[in-house]
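So the structure is just underneath, and the comments pick up after that.
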Amino acid sequence: MTALSHDEQFERVWAVADRIPGWLTRAQARLLFDEALTLPAGATMLEIGSHQGRSTVVLGQVARSADGTVIAIDPFVEGRLFGGASTKTKFLTHLDEAEVTDVVRHVEDYSTQARPAWTEGFDYLYIDGKHDFWTFSDDLRWRSFLPRDASILVHDAFSSIGVTLGILARVLFSRDLTYVRREGSMALFRTTRPKLADRLRIVREMPWWIRNVGIKVLLRLRLRPVARLVGHDSPYDPY
Ligand SMILES: C[S@@+](CC[C@H](N)C(=O)[O-])C[C@H]1O[C@@H](n2cnc3c(N)ncnc32)[C@H](O)[C@@H]1O
């Protein structure tokens with residue numbers, strides 16, 4: 001991979017990942033990829049919530065090129081949205097097709113159940129598991145295994161009620177989490193002490209969050225033409 005430019009590397013990675021169903025957009029995959037690429041050789045990335053592996057293979061391909069490892073935590077919950085055991089089969093097939101099986105370690109457990117007994121450090125955290133307030137708040141506690149100045153990426157940071165309330169309650173006033181920026185509603189944080197300006201940047205995302213929740217309500221009410229008026233021309237939720 002090293003002889004290629006970053007853009008060329010990403011194009012190869014995305015060509016593989018984009019065949020896998022999921023919610024990750026191209027721009028969000030680029031953010032995941034760019035942050036992963038800054039890690040030293042041999043680094044470990046921990047992902048909470050893998051589904052069919054769309055994001056896992058992005059991280060896995062970076063890991064494969066840099067002697068790294070991805071720890072993918074997902075219990076494969078049953079239900080209409082996530083699909084349970086059949087999703088696990090697809091996840092494993094997709095890892096195989098992307099040739100990343102040997103660099104991805106799957107932990108078949110709930111993040112909240114795995115964390116209390118966890119001991120292993122890692123270098124990068126991606127949170128995209130259960131989106132309720134309490135689970136997300138607990139998932140942020142995985143940062144105790146990260147070094148200072150590490151990247152934490154959070155999907156649906158500003159499009160889900162539970163996750164955004166978690167950010168307001170656990171990040172806005174925290175002393176060791178700095179909000180950097182977002183790609184759609186995927187947010188990048190770092191494990192450093194925030195300045196007032198960093199905290200204010202979170203507050204300034206609130207109109208964007210309210211817009212996204214409003215669009216989700218409009219789509220549930222089958223009012224897509226109204227959603228179009230606020231610039232959302234898609235049958236899918238804003239991610
Ligand atoms: C939105 S999907 C993840 C999408 C994936 N990152 C992608 O790029 O396609 C959420 C996943 O989180 C899993 N999940 C739900 N609760 C979880 C928990 N407590 N810990 C870890 N994963 C969880 C679900 O089984 C589901 O596969």
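Ordering of the structure tokens sets the chain letters (A, B, ...); residue numbers start at 1 within each chain; ligands are numbered from 1 in the order shown.
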Secondary structure check, helix (DSSP H, G or I) residues of segment 11-96 of chain A, as a PyMOL selection string: chain A and resi 11-17+26-37+54-65+85-96
Listing only residues of chain A within 8 Å of ligand 1, what is the closest atom pair and its distance in Å (to one decimal) for each, using only C-alpha atoms and all ligand atoms, sorted by chain and residue number ascending, as CSV?
residue,atom,partner,partner_atom_place_in_ligand_line,distance
A:Ile20,CA,ligand 1,9 (O),7.7
A:Pro21,CA,ligand 1,9 (O),6.5
A:Gly22,CA,ligand 1,9 (O),3.8
A:Trp23,CA,ligand 1,9 (O),5.3
A:Leu24,CA,ligand 1,8 (O),5.0
A:Glu47,CA,ligand 1,6 (N),7.7
A:Ile48,CA,ligand 1,21 (C),4.9
A:Gly49,CA,ligand 1,12 (O),3.4
A:Ser50,CA,ligand 1,5 (C),4.2
A:His51,CA,ligand 1,27 (O),3.2
A:Gln52,CA,ligand 1,9 (O),5.8
A:Gly53,CA,ligand 1,9 (O),5.6
A:Arg54,CA,ligand 1,8 (O),4.2
A:Ser55,CA,ligand 1,8 (O),3.8
A:Thr56,CA,ligand 1,8 (O),6.6
A:Ile73,CA,ligand 1,21 (C),5.2
A:Asp74,CA,ligand 1,22 (N),3.9
A:Pro75,CA,ligand 1,25 (O),5.6
A:Phe76,CA,ligand 1,25 (O),3.8
A:Val77,CA,ligand 1,25 (O),4.2
A:Glu78,CA,ligand 1,25 (O),7.3
A:Phe82,CA,ligand 1,26 (C),5.4
A:Gly83,CA,ligand 1,25 (O),7.8
A:Gly84,CA,ligand 1,25 (O),6.9
A:Thr87,CA,ligand 1,27 (O),7.6
A:Asp109,CA,ligand 1,20 (N),6.5
A:Tyr110,CA,ligand 1,20 (N),3.7
A:Ser111,CA,ligand 1,20 (N),3.8
A:Thr112,CA,ligand 1,19 (N),5.6
A:Gln113,CA,ligand 1,19 (N),7.6
A:Ile127,CA,ligand 1,6 (N),7.9
A:Asp128,CA,ligand 1,3 (C),5.2
A:Gly129,CA,ligand 1,12 (O),3.5
A:Lys130,CA,ligand 1,16 (N),3.9
A:His131,CA,ligand 1,16 (N),7.7
A:Thr135,CA,ligand 1,19 (N),6.4
A:His155,CA,ligand 1,6 (N),7.9
Surrounding residues of Asp34 of chain A excluding itself and chain neighbours under 6 positions, 10 Å, only C-alpha atoms, as a ChimeraX atom specification: /A:6-7,10,28,59,62
With C-alpha atoms retained, write the just-selected residues as a short mmCIF file (atom, residue, chain, number, x, y, z; two decimals), in the first residue's frame.
data_model
loop_
_atom_site.label_atom_id
_atom_site.label_comp_id
_atom_site.auth_asym_id
_atom_site.auth_seq_id
_atom_site.Cartn_x
_atom_site.Cartn_y
_atom_site.Cartn_z
CA HIS A 6 -3.50 8.36 0.42
CA ASP A 7 -6.28 9.01 -2.09
CA PHE A 10 -8.59 4.99 0.12
CA GLN A 28 -17.24 8.93 6.97
CA LEU A 59 -10.15 -0.50 9.54
CA VAL A 62 -5.42 -0.30 7.25
#
Nearest-residue call for Leu200 of chain A, choices A:Leu153, A:Leu168, A:Arg224, A:Gly184, using only C-alpha atoms: A:Leu168
Segment 132-221 of chain A: residues DSSP assigns to strand (DSSP E), reported as a ChimeraX atom specification: /A:151-154,178-183,186-190
Keeping only N, CA and C atoms, take the residues you just selected and write them out as a short mmCIF file (atom, residue, chain, number, x, y, z; two decimals), in the first residue's frame.
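again-v3.cif, written as the output of this step:
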data_model
loop_
_atom_site.label_atom_id
_atom_site.label_comp_id
_atom_site.auth_asym_id
_atom_site.auth_seq_id
_atom_site.Cartn_x
_atom_site.Cartn_y
_atom_site.Cartn_z
N SER A 151 -7.61 8.95 19.00
CA SER A 151 -8.86 9.29 18.30
C SER A 151 -10.01 8.39 18.76
N ILE A 152 -11.15 9.03 18.96
CA ILE A 152 -12.41 8.30 19.18
C ILE A 152 -13.39 8.78 18.13
N LEU A 153 -13.92 7.86 17.36
CA LEU A 153 -14.92 8.23 16.36
C LEU A 153 -16.26 7.69 16.78
N VAL A 154 -17.30 8.49 16.58
CA VAL A 154 -18.65 8.11 17.04
C VAL A 154 -19.62 8.30 15.87
N THR A 178 -12.00 15.92 23.79
CA THR A 178 -12.09 17.13 22.97
C THR A 178 -12.81 16.81 21.65
N TYR A 179 -13.84 17.58 21.36
CA TYR A 179 -14.53 17.43 20.08
C TYR A 179 -13.71 18.13 19.00
N VAL A 180 -13.41 17.40 17.92
CA VAL A 180 -12.57 17.97 16.85
C VAL A 180 -13.43 18.43 15.68
N ARG A 181 -14.15 17.49 15.07
CA ARG A 181 -14.98 17.85 13.91
C ARG A 181 -15.90 16.69 13.59
N ARG A 182 -16.74 16.87 12.56
CA ARG A 182 -17.64 15.78 12.16
C ARG A 182 -17.68 15.65 10.65
N GLU A 183 -18.07 14.48 10.23
CA GLU A 183 -18.32 14.21 8.81
C GLU A 183 -19.74 13.67 8.77
N MET A 186 -20.92 11.66 11.84
CA MET A 186 -19.83 10.94 12.51
C MET A 186 -18.87 11.97 13.11
N ALA A 187 -18.67 11.87 14.42
CA ALA A 187 -17.85 12.87 15.10
C ALA A 187 -16.49 12.28 15.49
N LEU A 188 -15.50 13.17 15.45
CA LEU A 188 -14.14 12.80 15.87
C LEU A 188 -13.83 13.52 17.18
N PHE A 189 -13.42 12.75 18.17
CA PHE A 189 -12.99 13.29 19.46
C PHE A 189 -11.55 12.85 19.71
N ARG A 190 -10.87 13.59 20.60
CA ARG A 190 -9.54 13.13 21.03
C ARG A 190 -9.46 13.12 22.56
#
Of the listed residues A:Val226, A:Leu172, A:Ile167, A:Glu97, that which approaches Ala197 of chain A most closely, counting only C-alpha atoms: A:Leu172
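Across A:Ala15, A:Met45, A:Ala157, A:Val107, the tightest approach to Gly68 of chain A is made by A:Met45 when counting only C-alpha atoms.
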Å distance separating atom CA of Pro147 of chain A from atom CA of Trp118 of chain A, one decimal place: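 Distance reported for this atom pair: 15.6 Å.
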Within 8 Å of Asn212 of chain A using only C-alpha atoms, minus same-chain residues under 4 positions, as number ranges by chain: A: 158-159, 208, 216, 237-238
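Using only C-alpha atoms for every distance, the candidate list A:Ala227, A:Leu4, A:Ala63, A:Ala85 yields A:Ala63 as the residue closest to Glu35 of chain A.
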Give me the segment 57-138 of chain A side of the contact with segment 38-43 of chain A, cut-off 7 Å, one line per residue showing its nearest atom pair and distance in Å at one decimal, counting only C-alpha atoms, sorted by chain and residue number, as JSON lines.
{"residue": "A:Ala66", "atom": "CA", "partner": "A:Ala41", "partner_atom": "CA", "distance": 4.9}
{"residue": "A:Asp67", "atom": "CA", "partner": "A:Gly42", "partner_atom": "CA", "distance": 4.7}
{"residue": "A:Gly68", "atom": "CA", "partner": "A:Gly42", "partner_atom": "CA", "distance": 4.1}
{"residue": "A:Thr69", "atom": "CA", "partner": "A:Ala43", "partner_atom": "CA", "distance": 6.5}
{"residue": "A:Asp123", "atom": "CA", "partner": "A:Ala43", "partner_atom": "CA", "distance": 6.1}
Based on the selection just made, write N, CA, C and O atoms of those residues as a PDB file, in the first residue's frame.
ATOM      1  N   ALA A  66      -0.369  -2.375   8.004  1.00  0.00           N
ATOM      2  CA  ALA A  66       0.529  -1.791   9.018  1.00  0.00           C
ATOM      3  C   ALA A  66       0.712  -2.721  10.219  1.00  0.00           C
ATOM      4  O   ALA A  66       0.945  -2.242  11.330  1.00  0.00           O
ATOM      5  N   ASP A  67       0.612  -4.009   9.968  1.00  0.00           N
ATOM      6  CA  ASP A  67       0.803  -5.007  11.045  1.00  0.00           C
ATOM      7  C   ASP A  67      -0.079  -4.735  12.257  1.00  0.00           C
ATOM      8  O   ASP A  67       0.323  -4.981  13.394  1.00  0.00           O
ATOM      9  N   GLY A  68      -1.243  -4.191  12.008  1.00  0.00           N
ATOM     10  CA  GLY A  68      -2.142  -3.841  13.112  1.00  0.00           C
ATOM     11  C   GLY A  68      -3.208  -4.890  13.357  1.00  0.00           C
ATOM     12  O   GLY A  68      -3.226  -5.961  12.725  1.00  0.00           O
ATOM     13  N   THR A  69      -4.102  -4.564  14.287  1.00  0.00           N
ATOM     14  CA  THR A  69      -5.184  -5.477  14.659  1.00  0.00           C
ATOM     15  C   THR A  69      -6.460  -4.664  14.844  1.00  0.00           C
ATOM     16  O   THR A  69      -6.406  -3.533  15.327  1.00  0.00           O
ATOM     17  N   ASP A 123      -5.395   1.585  20.702  1.00  0.00           N
ATOM     18  CA  ASP A 123      -4.908   2.894  20.263  1.00  0.00           C
ATOM     19  C   ASP A 123      -5.948   3.769  19.583  1.00  0.00           C
ATOM     20  O   ASP A 123      -5.663   4.934  19.273  1.00  0.00           O
TER      21      ASP A 123
END
